[in-house]
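Accompanying notes for the structure given below.
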Amino acid sequence: MTDQQLLVGAEAVLRANDVGDYTKPSGHLYPHQWNWDSAFNALGWAHLDWGRGTREVEAFLAAQWTNGMLPHIRYNPAVTDYAPGPEWWTHTPVKRAGELTSGISQPPVLPSIVHIVGLMQPDEQRRRGWWNGIYDALSDALLYFPRHRTTGNSPLIVLVHPWESGLDNSPRWDTAVARGFRPSRPYRRVDTTKVAAAERPTSRDYDLYMFLVELIASHRYELRDYIAKTPFAVYDAMFNAVWYRAARDLNRIAVAIDRPAVVSEPSMDAFRRAYHAALWDDEGAMFLDVDLTSRAKIPVHTWAGLAAIYAGLVDAAQAEVMYDRYASRCRNCRQLPSVLPDQSGFESDRYHRGPVWVNANWMMARGLAELGLRSHARGLSEATIELVRRSGFHEYFDAYTGRGAGADQFSWTAALTIDLVQRPIA
Ligand code: 2M8
């Protein structure tokens with residue numbers, strides 16, 4: 001299959017999942033608009049039709065809360081074939097009446113994607129006009145985290161739900177799952193009627209997810225009101241890295257449209273120092289999460305520990321050591337397995353417990369390239385494109401065999417493949 005044929009296939013996936021102003025992550029498994037999916041999909045669209053890319057972003061911003069938070073799901077009221085639905089997320093303080101949303105967020109890649117999509121617009125007036133129009137919403141979304149999701153004196157952001165990490169059933173959350181929390185009400189699952197249960201989270205995972213939904217919603221989403229009661233409060237290495245990168249990119253947009261910086265340089269420095277001091281693990285040569293309920297690092301080695309490379313939170317020398325060490329521990333894997341195979345809890349074909357994900361590879365390849373590690377970046381980008389060429393536009397890929405798993409015709413796999421092919425790493 002030529003690159004041209006690959007691009008035609010990728011475009012067909014986005015068009016098939018297009019609902020007009022948003023793109024379903026997958027036609028049958030994920031019918032609503034998801035936060036970080038939408039950002040990645042906007043980038044794919046921008047290569048095909050810049051206006052459609054910007055519309056994706058604007059549609060998602062309609063879900064914003066009065067406190068600035070961008071929820072992890074913006075529900076389409078016409079769709080009922082997904083669980084849990086909006087009825088679980090009561091009293092959501094949406095800005096725009098009638099919007100139905102979840103009550104947690106997701107890795108804030110959006111400002112960084114908006115930066116890239118903006119730069120793809122050659123007409124400077126149009127670019128600046130777009131950035132100007134959405135700047136306040138993005139700035140509120142970014143600042144929601146330091147304002148509402150920090151604790152004590154640390155600038156690091158507290159994650160409150162595994163869904164919020166985007167890597168739902170990562171083995172990093174196994175200790176919390178093993179504590180056996182269950183919601184008070186019965187719940188239904190639709191996901192396992194659509195893809196093999198063996199490739200999805202377990203019912204124990206879902207028990208914790210739904211327990212946390214009840215806990216968070218019953219405290220009206222105010223972390224300070226439930227932090228003492230929750231079994232899940234984490235400094236997630238990936239989420240915090242994505243926030244840092246988003247702040248940096250939004251500051252770049254601010255310069256371009258003559259606005260003051262969203263996060264000052266001293267605050268960026270303080271964040272960077274806190275990230276290194278709290279999360280670095282010398283033995284694994286990566287960053288680890290911190291479980292705030294035990295104040296201990298979570299000793300599980302996954303790609304989340306490399307996300308600082310995407311963020312520019314490490315310099316090239318440190319990034320190279322981290323990346324090479326990770327790759328050396330999975331020589332017989334497709335690059336990059338989401339979890340290292342020597343970790344307990346690794347499963348090569350189950351969701352966020354080992355498979356290769358195109359969004360993770362995209363973030364890593366772009367981060368490596370920005371740090372000047374071009375041959376590493378090119379190698380990963382080419383391996384990713386090859387995987388999709390051979391196995392199709394799946395949600396994820398078996399870490400050993402490369403077999404496509406989860407949903408097929410998955411939007412961000414298509415969108416980011418388009419970007420990797422169309423903006424090759426020099
Ligand atoms: C997955 O998460 C949702 C819940 O949010 C699910 O399993 O139903 C994750 O892979 C998440 O990162 C992704 O955004 C979402 C939609 O693709 O699916």
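We name chains A, B, ... following the order of the structure tokens; residues begin at 1 in each chain, and ligands are numbered from 1 as shown.
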
| query | Neighbours of His394 (chain A) within 12 Å (only C-alpha atoms; same-chain residues fewer than 6 positions away dropped), as number ranges by chain? | reply | A: 10, 13, 25-27, 195, 351, 355-359, 384, 387-388, 402-415, 417

Selection from above, N, CA, C and O atoms, as a CSV table (one decimal), in the first residue's frame, can you write it?
chain,number,residue,atom,x,y,z
A,10,ALA,N,-7.3,6.7,5.5
A,10,ALA,CA,-7.4,7.4,6.7
A,10,ALA,C,-8.5,8.5,6.6
A,10,ALA,O,-9.3,8.6,7.5
A,13,VAL,N,-11.9,6.9,7.1
A,13,VAL,CA,-12.2,6.7,8.5
A,13,VAL,C,-12.8,7.9,9.1
A,13,VAL,O,-13.8,7.9,9.7
A,25,PRO,N,-14.9,8.9,18.1
A,25,PRO,CA,-13.7,8.2,18.1
A,25,PRO,C,-13.8,6.8,17.4
A,25,PRO,O,-12.8,6.4,16.7
A,26,SER,N,-14.9,6.2,17.5
A,26,SER,CA,-15.2,4.9,16.8
A,26,SER,C,-16.6,4.9,16.5
A,26,SER,O,-17.5,5.2,17.4
A,27,GLY,N,-17.0,4.4,15.3
A,27,GLY,CA,-18.4,4.4,14.9
A,27,GLY,C,-19.3,3.7,15.9
A,27,GLY,O,-20.4,4.1,16.2
A,195,VAL,N,-16.7,-5.0,21.6
A,195,VAL,CA,-15.4,-5.6,21.3
A,195,VAL,C,-15.1,-6.7,22.4
A,195,VAL,O,-15.8,-6.7,23.4
A,351,TYR,N,-5.8,-3.4,25.7
A,351,TYR,CA,-6.1,-1.9,26.0
A,351,TYR,C,-4.9,-1.2,26.5
A,351,TYR,O,-3.9,-1.2,25.8
A,355,PRO,N,-0.5,-2.9,24.7
A,355,PRO,CA,-0.5,-2.6,23.3
A,355,PRO,C,0.1,-1.3,22.9
A,355,PRO,O,0.3,-0.4,23.7
A,356,VAL,N,0.5,-1.2,21.6
A,356,VAL,CA,1.0,0.0,21.0
A,356,VAL,C,-0.2,0.9,20.6
A,356,VAL,O,-1.2,0.5,20.1
A,357,TRP,N,-0.1,2.2,21.0
A,357,TRP,CA,-1.1,3.2,20.6
A,357,TRP,C,-0.5,4.3,19.7
A,357,TRP,O,0.6,4.8,20.0
A,358,VAL,N,-1.3,4.7,18.7
A,358,VAL,CA,-0.7,5.7,17.7
A,358,VAL,C,-0.6,7.0,18.4
A,358,VAL,O,0.4,7.8,18.1
A,359,ASN,N,-1.5,7.4,19.3
A,359,ASN,CA,-1.4,8.7,19.9
A,359,ASN,C,-0.1,8.8,20.8
A,359,ASN,O,0.6,9.8,20.8
A,384,THR,N,5.5,3.5,13.2
A,384,THR,CA,4.0,3.7,13.5
A,384,THR,C,3.2,3.6,12.2
A,384,THR,O,2.2,2.9,12.1
A,387,LEU,N,3.0,0.1,10.9
A,387,LEU,CA,2.1,-0.7,11.7
A,387,LEU,C,0.7,-0.5,11.2
A,387,LEU,O,-0.1,-1.5,11.0
A,388,VAL,N,0.3,0.7,11.0
A,388,VAL,CA,-1.0,1.0,10.5
A,388,VAL,C,-1.2,0.5,9.1
A,388,VAL,O,-2.3,0.0,8.7
A,402,GLY,N,1.6,-7.1,16.6
A,402,GLY,CA,1.2,-5.9,15.8
A,402,GLY,C,-0.3,-6.1,15.3
A,402,GLY,O,-0.8,-5.3,14.6
A,403,ARG,N,-0.9,-7.2,15.7
A,403,ARG,CA,-2.3,-7.4,15.3
A,403,ARG,C,-3.2,-6.2,15.8
A,403,ARG,O,-3.0,-5.8,17.0
A,404,GLY,N,-4.1,-5.8,15.0
A,404,GLY,CA,-5.0,-4.7,15.4
A,404,GLY,C,-6.0,-5.2,16.4
A,404,GLY,O,-6.5,-6.3,16.3
A,405,ALA,N,-6.3,-4.4,17.4
A,405,ALA,CA,-7.2,-4.8,18.5
A,405,ALA,C,-8.1,-3.6,18.9
A,405,ALA,O,-7.9,-2.5,18.4
A,406,GLY,N,-9.1,-4.0,19.7
A,406,GLY,CA,-10.1,-2.9,20.2
A,406,GLY,C,-11.0,-2.6,19.0
A,406,GLY,O,-11.3,-3.4,18.2
A,407,ALA,N,-11.4,-1.3,18.9
A,407,ALA,CA,-12.2,-0.9,17.8
A,407,ALA,C,-11.4,-0.8,16.5
A,407,ALA,O,-10.2,-0.6,16.6
A,408,ASP,N,-12.1,-1.0,15.4
A,408,ASP,CA,-11.4,-0.7,14.2
A,408,ASP,C,-11.9,0.6,13.6
A,408,ASP,O,-12.8,1.2,14.2
A,409,GLN,N,-11.4,1.0,12.5
A,409,GLN,CA,-11.8,2.4,12.0
A,409,GLN,C,-11.8,3.4,13.1
A,409,GLN,O,-12.7,4.1,13.3
A,410,PHE,N,-10.6,3.5,13.8
A,410,PHE,CA,-10.5,4.4,14.9
A,410,PHE,C,-10.0,5.7,14.5
A,410,PHE,O,-9.0,5.8,13.8
A,411,SER,N,-10.7,6.8,14.9
A,411,SER,CA,-10.5,8.1,14.3
A,411,SER,C,-9.0,8.6,14.6
A,411,SER,O,-8.4,9.1,13.7
A,412,TRP,N,-8.6,8.6,15.9
A,412,TRP,CA,-7.3,9.2,16.1
A,412,TRP,C,-6.1,8.5,15.4
A,412,TRP,O,-5.1,9.1,15.0
A,413,THR,N,-6.3,7.2,15.2
A,413,THR,CA,-5.3,6.4,14.5
A,413,THR,C,-5.2,7.0,13.1
A,413,THR,O,-4.1,7.2,12.5
A,414,ALA,N,-6.4,7.2,12.5
A,414,ALA,CA,-6.4,7.7,11.1
A,414,ALA,C,-5.9,9.2,11.1
A,414,ALA,O,-5.0,9.5,10.3
A,415,ALA,N,-6.3,10.0,12.0
A,415,ALA,CA,-6.0,11.4,12.0
A,415,ALA,C,-4.5,11.6,12.2
A,415,ALA,O,-3.8,12.4,11.5
A,417,THR,N,-2.1,9.4,11.7
A,417,THR,CA,-1.4,8.8,10.6
A,417,THR,C,-1.3,9.8,9.5
A,417,THR,O,-0.2,10.0,8.9

| message | Just want the 6 Å neighbourhood of region 153-162 of chain A, counted on only C-alpha atoms, with same-chain residues fewer than 6 positions away dropped. Output as number ranges by chain. | response | A: 168, 232-235, 271

Requested write-out: N, CA and C atoms of the selected residues, as a compact mmCIF listing (two decimals), in the first residue's frame:
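selection.txt, freshly written:
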# COMPACT_ATOMS: atom_id res chain seq x y z
N ASP A 168 -7.10 4.23 30.77
CA ASP A 168 -8.04 3.80 31.80
C ASP A 168 -7.59 2.65 32.69
N PHE A 232 -8.52 7.43 45.11
CA PHE A 232 -7.79 7.70 43.87
C PHE A 232 -7.48 9.19 43.72
N ALA A 233 -6.26 9.56 44.06
CA ALA A 233 -5.76 10.94 43.86
C ALA A 233 -4.28 10.78 43.52
N VAL A 234 -3.92 11.20 42.31
CA VAL A 234 -2.61 10.84 41.77
C VAL A 234 -1.96 12.02 41.07
N TYR A 235 -0.64 12.18 41.25
CA TYR A 235 0.12 13.03 40.34
C TYR A 235 0.52 12.13 39.17
N PHE A 271 7.01 24.68 38.18
CA PHE A 271 6.33 23.43 37.82
C PHE A 271 7.35 22.38 37.40

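Distance annotation: of A:Ile116, A:Leu380, A:Ala399, A:Leu167, the residue with the minimal separation from ligand 1 is A:Leu167; atom set is only C-alpha atoms and all ligand atoms.
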
List the neighbours of Ala254 (chain A) out to 12 Å using only C-alpha atoms; skip same-chain residues closer than 6 positions along the sequence, and give me the result as a compact mmCIF listing (two decimals) with all heavy atoms, in the first residue's frame.
# COMPACT_ATOMS: atom_id res chain seq x y z
N PRO A 111 -4.66 22.67 23.68
CA PRO A 111 -3.94 23.90 23.33
C PRO A 111 -2.74 23.65 22.41
O PRO A 111 -2.46 24.46 21.51
CB PRO A 111 -3.49 24.44 24.70
CG PRO A 111 -4.48 23.88 25.67
CD PRO A 111 -4.80 22.50 25.14
N HIS A 115 -2.25 25.05 18.59
CA HIS A 115 -1.04 25.74 18.14
C HIS A 115 -0.61 25.19 16.78
O HIS A 115 -0.38 25.95 15.82
CB HIS A 115 0.07 25.56 19.20
CG HIS A 115 1.32 26.29 18.87
ND1 HIS A 115 2.55 25.68 18.79
CD2 HIS A 115 1.55 27.60 18.57
CE1 HIS A 115 3.46 26.57 18.47
NE2 HIS A 115 2.90 27.74 18.33
N ARG A 128 -4.64 34.21 13.11
CA ARG A 128 -4.72 35.01 14.33
C ARG A 128 -6.17 35.20 14.76
O ARG A 128 -6.48 35.19 15.95
CB ARG A 128 -4.05 36.37 14.12
CG ARG A 128 -2.52 36.28 14.05
CD ARG A 128 -1.94 37.60 13.54
NE ARG A 128 -2.36 38.71 14.37
CZ ARG A 128 -1.58 39.34 15.24
NH1 ARG A 128 -0.34 38.98 15.37
NH2 ARG A 128 -2.03 40.34 15.95
N TRP A 131 -7.19 31.96 16.52
CA TRP A 131 -6.57 31.89 17.85
C TRP A 131 -7.23 32.88 18.80
O TRP A 131 -7.53 32.56 19.95
CB TRP A 131 -5.06 32.16 17.76
CG TRP A 131 -4.25 30.97 17.35
CD1 TRP A 131 -4.63 29.66 17.35
CD2 TRP A 131 -2.87 31.00 16.90
NE1 TRP A 131 -3.58 28.86 16.93
CE2 TRP A 131 -2.50 29.65 16.65
CE3 TRP A 131 -1.93 32.00 16.69
CZ2 TRP A 131 -1.22 29.30 16.20
CZ3 TRP A 131 -0.66 31.65 16.24
CH2 TRP A 131 -0.32 30.31 15.99
N ASN A 132 -7.46 34.12 18.32
CA ASN A 132 -8.07 35.14 19.16
C ASN A 132 -9.45 34.72 19.66
O ASN A 132 -9.78 34.92 20.82
CB ASN A 132 -8.24 36.44 18.37
CG ASN A 132 -7.23 37.48 18.84
OD1 ASN A 132 -7.09 37.70 20.03
ND2 ASN A 132 -6.53 38.08 17.89
N ILE A 134 -10.70 31.79 20.26
CA ILE A 134 -10.82 30.70 21.23
C ILE A 134 -9.82 30.81 22.37
O ILE A 134 -9.77 29.95 23.25
CB ILE A 134 -10.66 29.32 20.53
CG1 ILE A 134 -9.31 29.21 19.83
CG2 ILE A 134 -11.79 29.07 19.55
CD1 ILE A 134 -9.06 27.82 19.22
N TYR A 135 -9.05 31.89 22.36
CA TYR A 135 -7.96 32.01 23.33
C TYR A 135 -8.46 32.02 24.78
O TYR A 135 -7.90 31.31 25.65
CB TYR A 135 -7.16 33.29 23.04
CG TYR A 135 -6.00 33.46 23.97
CD1 TYR A 135 -4.84 32.73 23.79
CD2 TYR A 135 -6.09 34.32 25.06
CE1 TYR A 135 -3.77 32.87 24.66
CE2 TYR A 135 -5.03 34.46 25.93
CZ TYR A 135 -3.88 33.74 25.72
OH TYR A 135 -2.84 33.87 26.59
N ASP A 136 -9.50 32.77 25.06
CA ASP A 136 -9.96 32.88 26.46
C ASP A 136 -10.47 31.52 26.96
O ASP A 136 -10.22 31.15 28.11
CB ASP A 136 -11.06 33.94 26.59
CG ASP A 136 -10.49 35.34 26.41
OD1 ASP A 136 -9.27 35.51 26.63
OD2 ASP A 136 -11.24 36.25 26.03
N LEU A 138 -9.49 28.57 25.97
CA LEU A 138 -8.34 27.68 26.18
C LEU A 138 -7.57 28.07 27.44
O LEU A 138 -7.11 27.21 28.20
CB LEU A 138 -7.40 27.72 24.97
CG LEU A 138 -7.95 27.10 23.69
CD1 LEU A 138 -6.95 27.29 22.55
CD2 LEU A 138 -8.26 25.62 23.86
N SER A 139 -7.46 29.36 27.65
CA SER A 139 -6.75 29.83 28.82
C SER A 139 -7.49 29.42 30.10
O SER A 139 -6.90 28.91 31.05
CB SER A 139 -6.57 31.34 28.66
OG SER A 139 -6.36 31.95 29.84
N ALA A 247 0.69 24.51 28.39
CA ALA A 247 0.96 25.87 28.89
C ALA A 247 2.01 26.54 28.01
O ALA A 247 1.88 27.72 27.64
CB ALA A 247 1.43 25.80 30.34
N ARG A 248 3.03 25.80 27.65
CA ARG A 248 4.09 26.35 26.80
C ARG A 248 3.52 26.77 25.44
O ARG A 248 3.80 27.85 24.93
CB ARG A 248 5.16 25.27 26.61
CG ARG A 248 6.54 25.78 26.40
CD ARG A 248 7.45 24.63 26.03
NE ARG A 248 7.08 24.07 24.74
CZ ARG A 248 7.61 22.95 24.25
NH1 ARG A 248 8.49 22.27 24.94
NH2 ARG A 248 7.26 22.52 23.06
N PRO A 260 -0.97 38.67 27.13
CA PRO A 260 0.01 38.30 28.16
C PRO A 260 0.12 36.79 28.29
O PRO A 260 -0.84 36.06 27.98
CB PRO A 260 -0.57 38.92 29.43
CG PRO A 260 -1.98 39.24 29.14
CD PRO A 260 -2.16 39.33 27.65
N ALA A 261 1.26 36.32 28.76
CA ALA A 261 1.45 34.87 28.93
C ALA A 261 0.39 34.31 29.88
O ALA A 261 -0.02 34.97 30.83
CB ALA A 261 2.84 34.61 29.50
N VAL A 262 -0.05 33.10 29.61
CA VAL A 262 -1.05 32.45 30.47
C VAL A 262 -0.39 31.97 31.76
O VAL A 262 -0.93 32.12 32.85
CB VAL A 262 -1.66 31.22 29.76
CG1 VAL A 262 -2.80 30.66 30.57
CG2 VAL A 262 -2.11 31.57 28.38
N VAL A 263 0.77 31.38 31.63
CA VAL A 263 1.51 30.91 32.80
C VAL A 263 2.88 31.60 32.74
O VAL A 263 3.59 31.48 31.73
CB VAL A 263 1.68 29.37 32.79
CG1 VAL A 263 2.41 28.90 34.03
CG2 VAL A 263 0.31 28.68 32.68
N SER A 264 3.22 32.31 33.79
CA SER A 264 4.47 33.10 33.77
C SER A 264 5.69 32.19 33.75
O SER A 264 5.62 31.03 34.15
CB SER A 264 4.53 33.98 35.02
OG SER A 264 4.71 33.15 36.15

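Comparing the minimum interatomic distances between Leu313 (chain A) and each of A:Arg295, A:Ala327, A:Met238, A:Pro31, counting only C-alpha atoms, we find that A:Met238 sits nearest.
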
| task | Dump the neighbourhood of ligand 1 as JSON, numbers by chain: all residues within 9 Å, distances computed on only C-alpha atoms and all ligand atoms. | result | {"A": [24, 25, 26, 29, 30, 31, 32, 33, 34, 35, 36, 37, 38, 72, 73, 82, 83, 84, 106, 107, 162, 163, 164, 165, 166, 167, 168, 169, 190, 191, 200, 201, 351, 352, 395, 410, 411, 412]}

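Residues in contact range of region 51-60 of chain A, defined as at most 9 Å between only C-alpha atoms, with sequence neighbours fewer than 2 positions away removed, read Gly20, Asp21, Tyr22, Thr23, Gln33, Trp34, Asn35, Ser38, Ala39, Asn41, Ala42, Leu43, Gly44, Trp45, Ala46, His47, Leu48, Asp49, Ala62, Ala63, Gln64, Leu70, Arg74, Leu110, Val114, Val117, Gly118, Trp130 and Ile134 of chain A.
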
Using DSSP on the backbone coordinates, identify the residues of region 6-99 of chain A assigned to strand (DSSP E or B); present them as a short mmCIF file (atom, residue, chain, number, x, y, z; two decimals) with all heavy atoms, in the first residue's frame.
data_model
loop_
_atom_site.label_atom_id
_atom_site.label_comp_id
_atom_site.auth_asym_id
_atom_site.auth_seq_id
_atom_site.Cartn_x
_atom_site.Cartn_y
_atom_site.Cartn_z
N ASP A 18 -17.58 11.04 10.97
CA ASP A 18 -17.91 12.47 11.05
C ASP A 18 -19.41 12.66 11.35
O ASP A 18 -20.26 12.12 10.65
CB ASP A 18 -17.57 13.12 9.71
CG ASP A 18 -17.78 14.62 9.72
OD1 ASP A 18 -18.04 15.18 10.80
OD2 ASP A 18 -17.65 15.23 8.64
N THR A 23 -16.29 14.33 15.61
CA THR A 23 -15.93 13.04 15.04
C THR A 23 -16.01 11.99 16.13
O THR A 23 -15.36 12.14 17.17
CB THR A 23 -14.47 13.09 14.52
OG1 THR A 23 -14.29 14.32 13.81
CG2 THR A 23 -14.17 11.92 13.60
N SER A 26 -14.92 6.18 17.51
CA SER A 26 -15.15 4.95 16.76
C SER A 26 -16.64 4.88 16.50
O SER A 26 -17.45 5.23 17.37
CB SER A 26 -14.69 3.75 17.60
OG SER A 26 -15.63 2.70 17.54
N TYR A 30 -17.51 4.24 20.58
CA TYR A 30 -17.49 5.55 21.25
C TYR A 30 -18.27 6.57 20.42
O TYR A 30 -17.71 7.26 19.57
CB TYR A 30 -16.04 6.04 21.38
CG TYR A 30 -15.08 5.06 22.03
CD1 TYR A 30 -13.99 4.56 21.30
CD2 TYR A 30 -15.22 4.66 23.35
CE1 TYR A 30 -13.08 3.68 21.88
CE2 TYR A 30 -14.33 3.77 23.93
CZ TYR A 30 -13.26 3.29 23.20
OH TYR A 30 -12.36 2.43 23.76
N GLN A 33 -18.46 12.81 21.80
CA GLN A 33 -17.23 13.57 21.52
C GLN A 33 -16.34 13.50 22.74
O GLN A 33 -16.73 13.95 23.83
CB GLN A 33 -17.57 15.03 21.18
CG GLN A 33 -16.35 15.82 20.70
CD GLN A 33 -16.69 17.22 20.16
OE1 GLN A 33 -17.72 17.79 20.51
NE2 GLN A 33 -15.81 17.76 19.34
N TRP A 34 -15.15 12.97 22.55
CA TRP A 34 -14.19 12.87 23.66
C TRP A 34 -13.16 13.99 23.54
O TRP A 34 -12.80 14.39 22.43
CB TRP A 34 -13.46 11.52 23.61
CG TRP A 34 -14.02 10.49 24.53
CD1 TRP A 34 -13.55 10.13 25.75
CD2 TRP A 34 -15.16 9.64 24.30
NE1 TRP A 34 -14.32 9.13 26.29
CE2 TRP A 34 -15.31 8.81 25.44
CE3 TRP A 34 -16.09 9.51 23.27
CZ2 TRP A 34 -16.33 7.87 25.56
CZ3 TRP A 34 -17.10 8.56 23.38
CH2 TRP A 34 -17.21 7.76 24.52
N TRP A 65 -17.14 24.15 31.23
CA TRP A 65 -17.82 24.45 32.49
C TRP A 65 -17.55 25.90 32.92
O TRP A 65 -16.58 26.52 32.46
CB TRP A 65 -17.32 23.51 33.59
CG TRP A 65 -17.88 22.12 33.50
CD1 TRP A 65 -18.51 21.55 32.44
CD2 TRP A 65 -17.86 21.14 34.55
NE1 TRP A 65 -18.88 20.26 32.75
CE2 TRP A 65 -18.50 19.99 34.04
CE3 TRP A 65 -17.37 21.12 35.85
CZ2 TRP A 65 -18.65 18.83 34.82
CZ3 TRP A 65 -17.52 19.97 36.62
CH2 TRP A 65 -18.17 18.83 36.10
N ILE A 73 -16.00 13.90 28.31
CA ILE A 73 -16.97 13.57 27.24
C ILE A 73 -17.98 14.70 27.09
O ILE A 73 -18.52 15.21 28.08
CB ILE A 73 -17.78 12.29 27.58
CG1 ILE A 73 -16.87 11.07 27.74
CG2 ILE A 73 -18.81 12.01 26.48
CD1 ILE A 73 -17.60 9.80 28.16
N ARG A 74 -18.22 15.07 25.86
CA ARG A 74 -19.37 15.92 25.53
C ARG A 74 -20.38 14.98 24.89
O ARG A 74 -20.16 14.43 23.81
CB ARG A 74 -18.96 17.00 24.54
CG ARG A 74 -20.14 17.84 24.09
CD ARG A 74 -19.71 18.91 23.08
NE ARG A 74 -20.85 19.72 22.72
CZ ARG A 74 -21.24 19.96 21.45
NH1 ARG A 74 -20.54 19.50 20.44
NH2 ARG A 74 -22.31 20.68 21.21
N VAL A 94 -22.25 23.49 33.48
CA VAL A 94 -21.87 23.85 32.11
C VAL A 94 -22.17 25.33 31.86
O VAL A 94 -23.11 25.88 32.42
CB VAL A 94 -22.63 22.99 31.06
CG1 VAL A 94 -22.09 21.58 31.04
CG2 VAL A 94 -24.13 22.99 31.32
#

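Within 8 Å of Arg245 (chain A), once only C-alpha atoms are used and residues closer than 3 positions along the same chain are dropped, the contacting residues are Ser112, Ala241, Val242, Arg248, Asp249, Tyr310, Ala311 and Gly312 of chain A.
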
| query | For Glu320 (chain A), which residue out of A:Arg350, A:Lys297, A:Arg374, A:His276 is the nearest one, using only C-alpha atoms? | reply | A:Arg374

| Counting only C-alpha atoms, what is within 8 Å of Gly68 (chain A), bar same-chain residues fewer than 6 positions away, as a list in words? | Ala137, Asp140, Ala141, Leu142, Leu143 and Tyr144 of chain A

| task | List every residue of region 152-229 of chain A that DSSP, applied to the backbone of this structure, places in helix (DSSP H, G or I), and write the result as a PyMOL selection string. | result | chain A and resi 162-165+171-178+191-193+197-199+203-218+223-226
